[in-house]
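Listing of entry-v7.tsv, TSV, C-alpha atoms
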chain	number	residue	atom	x	y	z
E	1	MET	CA	0.00	0.00	0.00
E	2	SER	CA	1.29	3.46	-0.75
E	3	ILE	CA	0.35	7.10	-0.32
E	4	VAL	CA	0.77	9.71	-3.01
E	5	SER	CA	0.82	13.09	-1.31
E	6	PRO	CA	-0.57	16.28	-2.89
E	7	LEU	CA	3.07	17.27	-3.44
E	8	GLY	CA	3.29	14.65	-6.17
E	9	LEU	CA	5.62	12.67	-3.93
E	10	GLY	CA	5.02	8.93	-4.20
E	11	THR	CA	5.60	7.64	-0.68
E	12	GLY	CA	5.42	4.07	0.47
E	13	ILE	CA	4.04	3.67	3.98
E	14	ILE	CA	6.68	2.18	6.24
E	15	ARG	CA	5.35	-1.00	7.81
E	16	ARG	CA	7.03	-2.77	10.67
E	17	THR	CA	5.96	-5.48	13.04
E	18	VAL	CA	5.50	-4.16	16.54
E	19	GLY	CA	4.93	-7.62	18.03
E	20	ALA	CA	8.45	-8.74	17.17
E	21	LEU	CA	9.89	-5.79	19.04
E	22	ALA	CA	7.75	-6.57	22.07
E	23	ALA	CA	8.89	-10.19	22.02
E	24	LEU	CA	12.53	-9.17	21.94
E	25	THR	CA	11.94	-6.79	24.82
E	26	VAL	CA	10.39	-9.52	26.97
E	27	ALA	CA	13.17	-11.92	26.04
E	28	ALA	CA	15.67	-9.38	27.28
E	29	GLY	CA	14.01	-9.47	30.69
E	30	ILE	CA	12.32	-6.08	30.46
E	31	ALA	CA	8.63	-5.90	31.35
E	32	VAL	CA	6.64	-4.39	28.50
E	33	GLY	CA	4.87	-1.27	29.68
E	34	ALA	CA	7.06	-0.87	32.76
E	35	PRO	CA	8.42	2.66	33.28
E	36	ALA	CA	12.01	3.20	32.24
E	37	VAL	CA	14.45	3.47	35.11
E	38	ASN	CA	16.26	6.42	33.57
E	39	ALA	CA	13.51	7.91	31.42
E	40	ALA	CA	14.56	10.92	29.41
E	41	PRO	CA	12.86	14.23	30.29
E	42	GLY	CA	10.14	15.60	28.03
E	43	PRO	CA	11.05	17.22	24.73
E	44	THR	CA	12.69	20.62	24.82
E	45	MET	CA	12.83	23.06	21.93
E	46	PRO	CA	15.91	22.36	19.79
E	47	VAL	CA	18.09	25.42	19.28
E	48	GLU	CA	17.34	25.12	15.57
E	49	PHE	CA	13.71	26.11	16.30
E	50	ASP	CA	14.25	28.53	19.19
E	51	LEU	CA	13.06	31.55	17.23
E	52	SER	CA	14.38	34.04	19.77
E	53	ARG	CA	17.86	33.22	18.43
E	54	TYR	CA	17.09	34.27	14.85
E	55	GLN	CA	16.39	37.56	13.13
E	56	PRO	CA	13.23	37.54	10.96
E	57	VAL	CA	13.52	38.66	7.35
E	58	ASP	CA	11.00	39.91	4.78
E	59	PRO	CA	9.35	36.85	3.17
E	60	THR	CA	8.42	38.65	-0.06
E	61	THR	CA	12.06	38.52	-1.17
E	62	PHE	CA	11.83	34.76	-1.61
E	63	ARG	CA	8.58	34.49	-3.56
E	64	SER	CA	8.68	33.85	-7.28
E	65	LEU	CA	6.08	35.91	-9.14
E	66	ALA	CA	6.32	33.74	-12.25
E	67	TYR	CA	3.11	31.94	-13.17
E	68	GLY	CA	4.92	28.63	-13.67
E	69	ASP	CA	6.18	28.56	-10.07
E	70	ASN	CA	2.58	28.60	-8.81
E	71	GLY	CA	3.17	30.89	-5.82
E	72	ARG	CA	6.12	29.00	-4.38
E	73	SER	CA	8.94	30.63	-2.45
E	74	PHE	CA	12.59	29.55	-2.63
E	75	PHE	CA	15.78	30.20	-0.69
E	76	THR	CA	19.30	28.84	-0.49
E	77	THR	CA	21.73	28.66	2.40
E	78	GLY	CA	24.67	28.03	0.11
E	79	ARG	CA	24.61	24.26	0.61
E	80	TRP	CA	20.86	23.54	0.81
E	81	MET	CA	17.97	24.82	-1.32
E	82	CYS	CA	14.47	24.86	0.18
E	83	GLN	CA	11.07	25.65	-1.30
E	84	ILE	CA	7.81	26.55	0.43
E	85	GLY	CA	4.28	26.19	-0.99
E	86	GLN	CA	2.30	26.24	-3.08
E	87	ALA	CA	-0.20	25.26	-0.36
E	88	TYR	CA	-0.19	25.93	3.39
E	89	ARG	CA	2.54	24.14	5.38
E	90	TYR	CA	4.21	22.48	2.42
E	91	VAL	CA	8.02	22.56	2.40
E	92	GLY	CA	10.87	20.62	0.84
E	93	CYS	CA	14.65	20.92	1.11
E	94	GLN	CA	17.06	19.65	-1.52
E	95	GLY	CA	20.29	17.91	-0.57
E	96	ARG	CA	21.56	14.68	0.95
E	97	PRO	CA	23.02	14.50	4.46
E	98	ALA	CA	25.41	11.61	5.13
E	99	THR	CA	22.64	9.67	6.93
E	100	ALA	CA	20.18	9.89	4.00
E	101	PRO	CA	19.50	6.96	1.66
E	102	PRO	CA	21.86	6.84	-1.35
E	103	THR	CA	19.06	7.64	-3.81
E	104	ALA	CA	17.63	10.59	-1.85
E	105	THR	CA	17.65	14.04	-3.41
E	106	GLY	CA	16.01	15.81	-0.46
E	107	ALA	CA	13.02	15.59	1.88
E	108	ALA	CA	9.52	17.09	1.95
E	109	ILE	CA	6.61	17.72	4.33
E	110	ALA	CA	3.07	17.73	2.93
E	111	GLY	CA	0.62	20.05	4.65
E	112	ASP	CA	1.61	18.98	8.19
E	113	GLN	CA	-0.16	15.67	7.46
E	114	GLN	CA	2.74	13.61	6.08
E	115	GLY	CA	6.50	13.71	6.26
E	116	PRO	CA	9.23	14.37	6.36
E	117	TRP	CA	9.56	11.86	3.52
E	118	TRP	CA	12.74	11.29	1.56
E	119	VAL	CA	12.39	12.28	-2.07
E	120	ASN	CA	14.09	9.80	-4.41
E	121	ARG	CA	15.39	10.26	-7.93
E	122	GLU	CA	12.65	8.18	-9.54
E	123	GLN	CA	9.80	10.21	-8.01
E	124	THR	CA	8.00	13.08	-9.72
E	125	TYR	CA	8.58	15.66	-6.98
E	126	ARG	CA	10.64	18.55	-8.34
E	127	PHE	CA	13.02	20.81	-6.44
E	128	GLY	CA	13.64	24.35	-7.66
E	129	SER	CA	11.95	26.91	-9.85
E	130	THR	CA	10.62	25.84	-13.24
E	131	THR	CA	11.02	29.38	-14.59
E	132	GLY	CA	14.61	30.25	-13.73
E	133	PHE	CA	13.90	32.13	-10.48
E	134	ARG	CA	17.17	32.30	-8.53
E	135	PRO	CA	16.65	31.59	-4.81
E	136	PRO	CA	17.95	34.41	-2.58
E	137	LEU	CA	20.32	33.61	0.27
E	138	LEU	CA	18.92	33.11	3.77
E	139	GLY	CA	21.93	33.90	5.92
E	140	VAL	CA	23.21	32.42	9.16
E	141	GLY	CA	21.20	33.61	12.16
E	142	LYS	CA	18.15	34.48	10.02
E	143	ARG	CA	14.65	33.02	9.84
E	144	VAL	CA	11.71	33.35	7.48
E	145	THR	CA	8.04	32.40	7.90
E	146	ILE	CA	5.92	31.78	4.80
E	147	ALA	CA	2.54	30.01	4.53
E	148	GLY	CA	2.77	28.31	7.92
E	149	VAL	CA	6.39	27.20	7.45
E	150	THR	CA	9.32	28.64	9.41
E	151	CYS	CA	12.90	27.97	8.33
E	152	THR	CA	16.10	28.95	10.13
E	153	VAL	CA	19.81	28.87	9.36
E	154	PRO	CA	21.40	28.05	12.73
E	155	ARG	CA	24.96	27.56	11.50
E	156	ARG	CA	26.88	27.46	8.27
E	157	ASP	CA	25.88	24.33	6.32
E	158	VAL	CA	22.76	23.75	8.50
E	159	VAL	CA	19.11	24.38	7.65
E	160	ALA	CA	15.97	23.67	9.70
E	161	CYS	CA	12.31	23.95	8.64
E	162	ARG	CA	9.12	23.24	10.59
E	163	THR	CA	5.40	23.27	9.88
E	164	GLY	CA	3.13	22.62	12.88
E	165	GLU	CA	4.14	19.26	14.36
E	166	ARG	CA	6.55	18.17	11.64
E	167	ALA	CA	10.07	19.41	10.98
E	168	LEU	CA	13.44	18.58	9.48
E	169	ILE	CA	17.04	19.52	10.17
E	170	PHE	CA	19.77	18.98	7.56
E	171	THR	CA	23.49	19.06	8.30
E	172	PRO	CA	26.29	17.53	6.20
E	173	ALA	CA	26.79	14.75	8.79
E	174	TRP	CA	23.23	13.90	9.87
E	175	HIS	CA	19.51	14.59	9.53
E	176	LYS	CA	16.73	14.76	12.11
E	177	PHE	CA	12.99	14.42	11.40
E	178	PHE	CA	10.19	15.41	13.80
E	179	PHE	CA	6.59	14.18	13.65
E	180	PRO	CA	3.54	14.00	15.98
E	181	SER	CA	3.39	11.35	18.70
E	182	TRP	CA	0.35	9.69	17.10
E	183	ASP	CA	2.43	9.06	13.97
E	184	THR	CA	4.66	6.58	15.82
E	185	LEU	CA	4.88	2.80	15.69
E	186	GLY	CA	3.17	1.11	18.62
E	187	PRO	CA	0.25	-1.11	19.64
E	188	GLY	CA	-2.54	-0.59	17.13
E	189	ASN	CA	-0.33	1.41	14.75
E	190	ASN	CA	1.97	-0.52	12.44
E	191	ALA	CA	2.41	2.15	9.75
E	192	VAL	CA	3.78	5.68	9.82
E	193	ALA	CA	3.61	8.67	7.46
E	194	HIS	CA	7.25	9.74	7.56
E	195	SER	CA	10.75	8.49	6.84
E	196	ALA	CA	13.05	7.23	9.57
E	197	ASN	CA	15.66	9.00	11.67
E	198	PRO	CA	19.23	7.72	11.90
E	199	ALA	CA	20.36	5.69	14.90
E	200	PRO	CA	20.75	7.90	18.01
E	201	ARG	CA	24.54	7.50	18.01
E	202	TYR	CA	24.72	9.62	14.85
E	203	LEU	CA	22.82	12.54	16.44
E	204	PRO	CA	23.82	15.24	18.95
E	205	PRO	CA	22.86	14.29	22.55
E	206	GLY	CA	19.97	16.77	22.69
E	207	LEU	CA	18.30	15.21	19.65
E	208	GLN	CA	18.69	11.52	20.46
E	209	TYR	CA	15.62	10.81	22.61
E	210	TRP	CA	12.63	12.69	21.19
E	211	ASN	CA	11.03	12.83	17.76
E	212	GLN	CA	8.40	15.40	18.78
E	213	LEU	CA	8.62	19.15	19.17
E	214	PRO	CA	7.26	20.66	22.41
E	215	ALA	CA	3.75	22.11	22.23
E	216	ASN	CA	4.93	25.48	23.54
E	217	PRO	CA	5.73	27.88	22.13
E	218	PRO	CA	3.35	27.04	19.26
E	219	ALA	CA	4.53	27.08	15.67
E	220	PRO	CA	4.20	30.41	13.82
E	221	LYS	CA	1.17	30.70	11.54
What would you get if you wrote out this structure as structure tokens?
Amino acid sequence: MSIVSPLGLGTGIIRRTVGALAALTVAAGIAVGAPAVNAAPGPTMPVEFDLSRYQPVDPTTFRSLAYGDNGRSFFTTGRWMCQIGQAYRYVGCQGRPATAPPTATGAAIAGDQQGPWWVNREQTYRFGSTTGFRPPLLGVGKRVTIAGVTCTVPRRDVVACRTGERALIFTPAWHKFFFPSWDTLGPGNNAVAHSANPAPRYLPPGLQYWNQLPANPPAPK
């Protein structure tokens, strides 16, 4: 079974067997459902999405007025190119961190309902302007909010974009995807609407334990 998002991104639903994981857990001598001895604290806002750290910029600079671009906005950080639109809370970033699949050309979020999904070469999703619009630079320490999407440039070679409950961070060495808690494998849910994160050992300590963003402060509209 597969989902084709309104972005034109053909995305296969990831299916995994939860029962096998539970069996392994019991075999290891851990009671299923028992509280963890050293449970991690609740999610905190990653610095990539702490908007107080970033200076807002005028969003109109990034919008292509060409009919063929259908109202989309584009920016580059130098290494990564991201596009926002044409609908509310749609965003995609082009590029391949070291932890991405070999065939990936970027990742996309569809309307805060699906994603981030990896975009692969054989899919129809297109990155970049179809009319020759040249994406302006979004500099380090800046942020822009367009159509329910906020993107920041925390450091050189790093980009981060979020919708409501979904988000992505790209660095040369690793990627991190965020998604709502209900979109997580568990009892009664054996399929998810997003691509996977790398193993925790590849991520900074503050991003290893949680795949959700805190509810407060809420995402910009």
Produce a table with one row for each residue of stretch 132-164 of chain E that has an atom at most 8 Å from any atom of stretch 55-62 of chain E, each row naming the nearest atom pair and its distance in Å at one decimal; use all atoms listed in the file; arrange rows by chain and rising residue number; format as JSON lines.
{"residue": "E:Pro135", "atom": "CA", "partner": "E:Phe62", "partner_atom": "CA", "distance": 6.6}
{"residue": "E:Pro136", "atom": "CA", "partner": "E:Phe62", "partner_atom": "CA", "distance": 6.2}
{"residue": "E:Gly141", "atom": "CA", "partner": "E:Gln55", "partner_atom": "CA", "distance": 6.3}
{"residue": "E:Lys142", "atom": "CA", "partner": "E:Gln55", "partner_atom": "CA", "distance": 4.7}
{"residue": "E:Arg143", "atom": "CA", "partner": "E:Pro56", "partner_atom": "CA", "distance": 4.9}
{"residue": "E:Val144", "atom": "CA", "partner": "E:Val57", "partner_atom": "CA", "distance": 5.6}
{"residue": "E:Thr145", "atom": "CA", "partner": "E:Pro59", "partner_atom": "CA", "distance": 6.6}
{"residue": "E:Ile146", "atom": "CA", "partner": "E:Pro59", "partner_atom": "CA", "distance": 6.3}
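If you look at atom CA of E:Thr150 and atom CA of E:Ile84, they are 9.3 Å away from each other.
Distance check against E:Phe74 using only C-alpha atoms: of E:Ser129, E:Thr105, E:Gln123, E:Gln86, the minimum falls on E:Ser129.
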Of the residues E:Ala196, E:Ala66, E:Cys161, E:Val149, which is the one nearest to E:Asn211, using all atoms listed in the file?
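Checking each candidate against E:Asn211, we get E:Ala196 as the closest.
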Between E:Leu65, E:Ala215, E:Ala199, E:Ala100, which is the closest to E:Arg166 once you count only C-alpha atoms?
E:Ala215
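Distance annotation: of E:Thr131, E:Cys93, E:Pro46, E:Asn189, the residue with the minimal separation from E:Gly71 is E:Thr131; atom set is all atoms listed in the file.
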Report, in Å to a single decimal, how far apart atom CA of E:Gly139 and atom CA of E:Phe127 are.
20.1 Å
Record the distance separating atom CA of E:Phe49 and atom CA of E:Ala219, expressed in Å with one decimal.
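Interatomic distance here is 9.3 Å.
Near E:Phe178, within 8 Å and counting only C-alpha atoms, sit Pro116, Glu165, Arg166, Ala167, Leu168, Asn211, Gln212 and Leu213 of chain E; same-chain residues fewer than 6 positions away were not included.
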